[in-house]
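Heads up: the structure comes next, in structure tokens.
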Amino acid sequence: MPSYPPLAFAALLLGSAAAFAPSNPPSFGIETTALSSTAVDPNEIDVRTGKPTGRSFLSAETLERAAAGSKIEKIKLAKDGTSAFVDVYEYARKIREGEMTWEEVEAADMDTRLKWVGMLHRNKRTPGQFMMRLKVPNGIINSDQLRFYADCVEKYGDEKGVVDISTRANIQLRGVKIEDAPDIIDGLHARNQTSFQSALDNVRNMVGSPLAGIDDQEMVDTRELCNAINDLVSLDPVTQTRGNPYWGNLPRKFNIAISGSRDD
């Protein structure tokens, strides 16, 4: 049985941190060694992913409060949101093969748990289609990623297939259907990005300075830190895959911004 660290800063400079790091990155004193490790209850390992559930990191008191809490908390306890990506792949397969339609997707998955994959169902305006929210640390993308976003939504037409730039300098793909989601997820991961843990009760997109790396008066280049914290939150340090259950069951969303400018 694997042992999961409390993630002090064990996974900070993995994955996307290297993509936009400056040529001579400053040292922030980030430790790469876990302070300790925490054994995980075998009953709280999701057999489909091999990872612990998000609730396995919660105290007995917190679980008791959640059980008596809101509808959302009850849904999170009934079926863990951090493994919802497995359901997306299975639903997509069945829809593609004609075994089911999107209307037959479990309601709690459709409207709540799929948000852990960044998929928000827009039932009133576009039934059966989703807005997929990504994680774009510091709001930085490259031309290949931008072309990929456009390719993902082009099939949905000018009215529904839209790429949003959000107020947190994030990217949102509109019009996405469940049967297309696995290809988008795979494409994002191949480009060192993800949509996992980008909505509902998760740490939202990391905001940094829009002038990072080009402001000659900046005190800190926020790109490296934004990428590092993004990996801390969404990259599993044991499996080195996207989706980190340690941070996967927060009581509510959590927004973080980092400033490196003298003017803030």
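Chain labels A, B, ... are given in the sequence in which chains occur in the structure tokens; within each chain residues are numbered consecutively from 1, and ligands are likewise numbered from 1 in the order shown.
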
> DSSP on the backbone: what in segment 15-249 of chain A comes out helix (DSSP H, G or I), as an MDAnalysis selection string?
Replying inline: chainID A and resid 15:18 42:44 54:57 60:67 71:78 81:96 102:104 107:111 113:117 137:139 143:154 157:160 178:190 222:234 245:247

>> Let's see if you can do this: from backbone DSSP, list all strand (DSSP E or B) residues in segment 73-255 of chain A, as a list in words.
In response: Met119, Leu120, His121, Gln129, Phe130, Met131, Met132, Arg133, Lys135, Val163, Asp164, Ile165, Ile171, Gln172, Leu173, Arg174, Gly175, Val176, Lys177, Thr194, Val203, Val207, Leu235, Arg242 and Phe254 of chain A

> At what distance in Å, to one decimal, does atom CA of Ile45 of chain A lie from atom CA of Arg252 of chain A?
Replying inline: 23.1 Å

> Counting only C-alpha atoms, which of A:Arg191, A:Arg147, A:Arg262, A:Lys135 gets nearest to Asp231 of chain A?
Replying inline: A:Lys135

> Using only C-alpha atoms, which of A:Asp80, A:Asp87, A:Asp264, A:Glu73 sits nearest Lys51 of chain A?
Replying inline: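 Among the listed residues, the smallest separation from Lys51 of chain A belongs to A:Asp80.
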
> Given the choices A:Thr126, A:Ala108, A:Ile258, A:Thr82, which gets closest to Val220 of chain A if the distance is worked out from only C-alpha atoms?
Replying inline: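 Smallest distance to Val220 of chain A is found for A:Ile258.
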
>> As an exercise, work out the distance from atom CA of Ala60 of chain A to atom CA of Lys74 of chain A in Å and give it to one decimal place.
In response: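 About the pair atom CA of Ala60 of chain A and atom CA of Lys74 of chain A: they are 14.9 Å apart.
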
>> Report, in Å with one decimal, the straight-line distance from atom CA of Phe85 of chain A to atom CA of Glu106 of chain A.
In response: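 According to the coordinates, atom CA of Phe85 of chain A and atom CA of Glu106 of chain A are separated by 14.1 Å.
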
> Using only C-alpha atoms, which of the listed residues (A:Ile95, A:Val47, A:Pro137, A:Trp116) sits closest to Asp180 of chain A?
Replying inline: A:Ile95

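Minimum distance to Lys253 of chain A across A:Gln240, A:Asn202, A:Asn227, A:Thr49 (counting only C-alpha atoms) occurs at A:Asn202.
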
>> Need to verify the contact set: Thr194 of chain A, 6 Å, only C-alpha atoms, exclusion of same-chain residues closer than 4 positions in sequence. Can you return it as a PyMOL selection string?
In response: chain A and resi 134-135+188-189

Put those residues in a file: all heavy atoms, as an mmCIF file, in the first residue's frame.
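Saved file part33.cif follows:
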data_model
loop_
_atom_site.group_PDB
_atom_site.id
_atom_site.type_symbol
_atom_site.label_atom_id
_atom_site.label_comp_id
_atom_site.auth_asym_id
_atom_site.auth_seq_id
_atom_site.Cartn_x
_atom_site.Cartn_y
_atom_site.Cartn_z
ATOM 1 N N LEU A 134 -10.101 25.284 -17.477
ATOM 2 C CA LEU A 134 -8.738 24.766 -17.378
ATOM 3 C C LEU A 134 -8.038 25.360 -16.156
ATOM 4 O O LEU A 134 -8.616 26.121 -15.388
ATOM 5 C CB LEU A 134 -7.957 25.098 -18.649
ATOM 6 C CG LEU A 134 -8.618 24.796 -19.991
ATOM 7 C CD1 LEU A 134 -7.610 24.979 -21.121
ATOM 8 C CD2 LEU A 134 -9.231 23.423 -20.035
ATOM 9 N N LYS A 135 -6.776 24.999 -16.012
ATOM 10 C CA LYS A 135 -5.891 25.653 -15.040
ATOM 11 C C LYS A 135 -4.699 26.185 -15.836
ATOM 12 O O LYS A 135 -3.927 25.409 -16.408
ATOM 13 C CB LYS A 135 -5.437 24.655 -13.966
ATOM 14 C CG LYS A 135 -6.568 24.199 -13.053
ATOM 15 C CD LYS A 135 -6.097 23.182 -12.029
ATOM 16 C CE LYS A 135 -5.500 23.843 -10.813
ATOM 17 N NZ LYS A 135 -6.529 24.446 -9.936
ATOM 18 N N LEU A 188 -4.795 18.161 -23.332
ATOM 19 C CA LEU A 188 -4.298 19.117 -22.336
ATOM 20 C C LEU A 188 -3.109 18.534 -21.582
ATOM 21 O O LEU A 188 -2.089 19.214 -21.388
ATOM 22 C CB LEU A 188 -5.410 19.477 -21.351
ATOM 23 C CG LEU A 188 -6.553 20.341 -21.894
ATOM 24 C CD1 LEU A 188 -7.670 20.434 -20.877
ATOM 25 C CD2 LEU A 188 -6.050 21.740 -22.270
ATOM 26 N N HIS A 189 -3.228 17.300 -21.136
ATOM 27 C CA HIS A 189 -2.143 16.684 -20.379
ATOM 28 C C HIS A 189 -0.891 16.516 -21.229
ATOM 29 O O HIS A 189 0.233 16.641 -20.721
ATOM 30 C CB HIS A 189 -2.606 15.342 -19.815
ATOM 31 C CG HIS A 189 -3.614 15.479 -18.714
ATOM 32 N ND1 HIS A 189 -4.195 14.407 -18.084
ATOM 33 C CD2 HIS A 189 -4.140 16.594 -18.122
ATOM 34 C CE1 HIS A 189 -5.039 14.845 -17.156
ATOM 35 N NE2 HIS A 189 -5.020 16.168 -17.177
#

>> Applying 10 Å and only C-alpha atoms, which residues near Pro210 of chain A remain after dropping the ones on its own chain fewer than 6 positions away? List them as a ChimeraX atom specification.
In response: /A:138-140,169,222-223,259-261
